[in-house]
Amino acid sequence: MSVSAAALHGAWSLEAWRIEHDDSRPPAYPFGDDATGQILYAPEGRMSAVISRRDRAGLDAASIHAASAQSCRNAYTSFFCYAGRWHVDGDDVVHTAELALNPDMAGTQQRRHVRLHGDRLELSATETDARGRARTHRIIWRRVRPAPTP
């Protein structure tokens with residue numbers, strides 16, 4: 001059974017991003033268990049995703065160009081974003097990153113398995129870590145409903 005592209009259209013708010021390991025280790029939360037974010041799927045085939053640590057520290061200067069290397073590093077490692085094109089392929093959504101905070105991500109395809117449960121969207125992908133152990137990223141989103149019109 002294939003996922004309908006129309007079912008993904010709109011804005012989604014992050015509920016959780018956790019990494020589940022294939023061994024007995026507990027799940028990891030890359031930006032904490034209270035991370036925030038949103039993903040947008042436009043009907044025209046454009047998308048963007050942003051995930052952030054909830055309580056990010058500010059820079060130690062008024063401008064990123066004047067901030068210390070450590071302050072810039074902290075800002076970079078507590079925020080994740082990319083944008084580009086998207087399409088559905090069976091039960092997967094494929095994001096083709098055109099722009100990304102991490103320059104190595106631009107030009108890549110990010111395949112995510114899709115599970116829809118009402119207003120909840122789960123995107124998952126399994127990868128192998130540096131030690132050859134499997135781990136699965138599970139990113140849970142909740143549909144953002146438009147505000148009522150006055």
# chains A, B, ... in the order shown; residues from 1 in each chain; ligands from 1
$ residues_around --residues "Ala35 in chain A" --least-positions-apart "3" --cutoff "6 Å" --atoms "only C-alpha atoms" --output "PyMOL selection string"
chain A and resi 31-32+52-54
$ write_last_selection --atoms "C-alpha atoms" --output "PDB file, in the first residue's frame"
ATOM      1  CA  PHE A  31      18.471  17.479  20.460  1.00  0.00           C
ATOM      2  CA  GLY A  32      17.029  16.425  23.802  1.00  0.00           C
ATOM      3  CA  SER A  52      16.328  22.527  17.139  1.00  0.00           C
ATOM      4  CA  ARG A  53      17.336  21.977  20.721  1.00  0.00           C
ATOM      5  CA  ARG A  54      14.608  23.775  22.685  1.00  0.00           C
TER       6      ARG A  54
END
$ residues_around --residues "range 81-87 of chain A" --least-positions-apart "2" --cutoff "6 Å" --atoms "only C-alpha atoms" --output "list in words"
Gly45, Arg46, Met47, Ser48, Ala49, Val50, Val93, Val94, His95, Thr96, Ala97, Glu98, Leu99, Ala100 and Leu101 of chain A
$ write_last_selection --atoms "N, CA and C atoms" --output "PDB file, in the first residue's frame"
ATOM      1  N   GLY A  45       5.699  20.069  -4.521  1.00  0.00           N
ATOM      2  CA  GLY A  45       6.864  19.202  -4.429  1.00  0.00           C
ATOM      3  C   GLY A  45       8.065  19.820  -3.741  1.00  0.00           C
ATOM      4  N   ARG A  46       7.858  20.893  -3.009  1.00  0.00           N
ATOM      5  CA  ARG A  46       8.929  21.522  -2.234  1.00  0.00           C
ATOM      6  C   ARG A  46       8.734  21.179  -0.765  1.00  0.00           C
ATOM      7  N   MET A  47       9.837  21.102  -0.013  1.00  0.00           N
ATOM      8  CA  MET A  47       9.764  20.787   1.411  1.00  0.00           C
ATOM      9  C   MET A  47      10.851  21.528   2.161  1.00  0.00           C
ATOM     10  N   SER A  48      10.668  21.645   3.462  1.00  0.00           N
ATOM     11  CA  SER A  48      11.720  22.141   4.347  1.00  0.00           C
ATOM     12  C   SER A  48      11.530  21.501   5.715  1.00  0.00           C
ATOM     13  N   ALA A  49      12.641  21.269   6.378  1.00  0.00           N
ATOM     14  CA  ALA A  49      12.617  20.665   7.712  1.00  0.00           C
ATOM     15  C   ALA A  49      13.588  21.423   8.613  1.00  0.00           C
ATOM     16  N   VAL A  50      13.146  21.683   9.837  1.00  0.00           N
ATOM     17  CA  VAL A  50      13.953  22.387  10.829  1.00  0.00           C
ATOM     18  C   VAL A  50      13.755  21.680  12.164  1.00  0.00           C
ATOM     19  N   VAL A  93       8.862   8.504   1.739  1.00  0.00           N
ATOM     20  CA  VAL A  93       8.972   9.836   1.178  1.00  0.00           C
ATOM     21  C   VAL A  93      10.463  10.075   0.964  1.00  0.00           C
ATOM     22  N   VAL A  94      10.801  10.648  -0.181  1.00  0.00           N
ATOM     23  CA  VAL A  94      12.192  10.910  -0.522  1.00  0.00           C
ATOM     24  C   VAL A  94      12.383  12.415  -0.575  1.00  0.00           C
ATOM     25  N   HIS A  95      13.279  12.917   0.274  1.00  0.00           N
ATOM     26  CA  HIS A  95      13.633  14.336   0.298  1.00  0.00           C
ATOM     27  C   HIS A  95      14.933  14.491  -0.490  1.00  0.00           C
ATOM     28  N   THR A  96      14.951  15.356  -1.476  1.00  0.00           N
ATOM     29  CA  THR A  96      16.179  15.677  -2.194  1.00  0.00           C
ATOM     30  C   THR A  96      16.645  17.028  -1.672  1.00  0.00           C
ATOM     31  N   ALA A  97      17.680  17.006  -0.844  1.00  0.00           N
ATOM     32  CA  ALA A  97      18.163  18.232  -0.196  1.00  0.00           C
ATOM     33  C   ALA A  97      18.892  19.107  -1.211  1.00  0.00           C
ATOM     34  N   GLU A  98      18.444  20.330  -1.334  1.00  0.00           N
ATOM     35  CA  GLU A  98      19.108  21.308  -2.192  1.00  0.00           C
ATOM     36  C   GLU A  98      19.891  22.311  -1.368  1.00  0.00           C
ATOM     37  N   LEU A  99      19.386  22.651  -0.191  1.00  0.00           N
ATOM     38  CA  LEU A  99      20.025  23.559   0.752  1.00  0.00           C
ATOM     39  C   LEU A  99      20.083  22.857   2.094  1.00  0.00           C
ATOM     40  N   ALA A 100      21.158  23.053   2.836  1.00  0.00           N
ATOM     41  CA  ALA A 100      21.261  22.421   4.146  1.00  0.00           C
ATOM     42  C   ALA A 100      22.269  23.162   5.010  1.00  0.00           C
ATOM     43  N   LEU A 101      22.011  23.187   6.304  1.00  0.00           N
ATOM     44  CA  LEU A 101      22.981  23.763   7.230  1.00  0.00           C
ATOM     45  C   LEU A 101      24.310  23.020   7.113  1.00  0.00           C
TER      46      LEU A 101
END
$ closest_atom_pairs --of "range 121-148 of chain A" --to "range 104-113 of chain A" --cutoff "8 Å" --atoms "only C-alpha atoms" --output "tab-separated table"
residue	atom	partner	partner_atom	distance
A:Glu122	CA	A:His113	CA	7.9
A:Leu123	CA	A:Arg112	CA	5.4
A:Ser124	CA	A:His113	CA	5.1
A:Ala125	CA	A:Arg112	CA	5.3
$ write_last_selection --atoms "C-alpha atoms" --output "mmCIF file, in the first residue's frame"
data_model
loop_
_atom_site.group_PDB
_atom_site.id
_atom_site.type_symbol
_atom_site.label_atom_id
_atom_site.label_comp_id
_atom_site.auth_asym_id
_atom_site.auth_seq_id
_atom_site.Cartn_x
_atom_site.Cartn_y
_atom_site.Cartn_z
ATOM 1 C CA GLU A 122 6.229 9.026 11.781
ATOM 2 C CA LEU A 123 9.258 9.197 9.519
ATOM 3 C CA SER A 124 11.908 6.551 10.088
ATOM 4 C CA ALA A 125 15.189 5.447 8.587
#
$ select_by_dssp --residues "range 85-114 of chain A" --states "strand (DSSP E or B)" --output "list in words"
Arg85, Trp86, His87, Val88, Asp89, Asp92, Val93, Val94, His95, Thr96, Ala97, Glu98, Leu99, Ala100, Gln109, Gln110, Arg111, Arg112, His113 and Val114 of chain A
$ residues_around --residues "Arg143 in chain A" --least-positions-apart "4" --cutoff "8 Å" --atoms "only C-alpha atoms" --output "list of chain:residue names"
A:Gly10, A:Ala11, A:Trp12, A:Ser13, A:Asp119, A:Arg120, A:Leu121
$ write_last_selection --atoms "N, CA and C atoms" --output "compact mmCIF listing (two decimals), in the first residue's frame"
# COMPACT_ATOMS: atom_id res chain seq x y z
N GLY A 10 1.15 20.14 3.88
CA GLY A 10 0.91 21.03 5.00
C GLY A 10 2.08 21.10 5.96
N ALA A 11 1.78 21.63 7.14
CA ALA A 11 2.78 21.85 8.19
C ALA A 11 2.63 20.82 9.29
N TRP A 12 3.77 20.37 9.81
CA TRP A 12 3.81 19.39 10.89
C TRP A 12 4.77 19.89 11.96
N SER A 13 4.41 19.71 13.21
CA SER A 13 5.21 20.15 14.35
C SER A 13 5.88 18.94 15.01
N ASP A 119 -3.54 12.41 12.85
CA ASP A 119 -2.76 13.65 12.74
C ASP A 119 -1.30 13.46 13.13
N ARG A 120 -0.86 12.22 13.27
CA ARG A 120 0.54 11.94 13.60
C ARG A 120 1.24 11.32 12.40
N LEU A 121 2.45 11.79 12.15
CA LEU A 121 3.28 11.31 11.06
C LEU A 121 4.59 10.81 11.65
$ select_by_dssp --residues "range 50-140 of chain A" --states "alpha helix (DSSP H)" --output "ChimeraX atom specification"
/A:69-77
$ write_last_selection --atoms "C-alpha atoms" --output "mmCIF file, in the first residue's frame"
data_model
loop_
_atom_site.group_PDB
_atom_site.id
_atom_site.type_symbol
_atom_site.label_atom_id
_atom_site.label_comp_id
_atom_site.auth_asym_id
_atom_site.auth_seq_id
_atom_site.Cartn_x
_atom_site.Cartn_y
_atom_site.Cartn_z
ATOM 1 C CA ALA A 69 34.441 29.587 17.523
ATOM 2 C CA GLN A 70 32.927 27.687 20.471
ATOM 3 C CA SER A 71 29.772 29.813 20.438
ATOM 4 C CA CYS A 72 29.374 29.212 16.691
ATOM 5 C CA ARG A 73 29.988 25.491 17.180
ATOM 6 C CA ASN A 74 27.319 25.327 19.879
ATOM 7 C CA ALA A 75 24.828 27.123 17.616
ATOM 8 C CA TYR A 76 25.624 24.805 14.690
ATOM 9 C CA THR A 77 25.378 21.574 16.685
#
$ closest_atom_pairs --of "range 84-141 of chain A" --to "range 16-30 of chain A" --cutoff "6 Å" --atoms "only C-alpha atoms" --output "CSV"
residue,atom,partner,partner_atom,distance
A:Ala134,CA,A:Asp22,CA,5.6
A:Arg135,CA,A:His21,CA,4.4
A:Thr136,CA,A:Glu20,CA,5.1
A:His137,CA,A:Ile19,CA,4.5
A:Arg138,CA,A:Arg18,CA,5.4
A:Ile139,CA,A:Trp17,CA,4.4
A:Ile140,CA,A:Ala16,CA,5.2
$ closest_residue --among "A:Ile39, A:Ala57, A:Val3, A:Glu127" --to "Asp91 in chain A" --atoms "only C-alpha atoms"
A:Val3
$ atom_distance --atom1 "CA of Ile64 in chain A" --atom2 "CA of Phe79 in chain A"
14.6 Å
$ atom_distance --atom1 "CA of Gly37 in chain A" --atom2 "CA of His117 in chain A"
19.1 Å
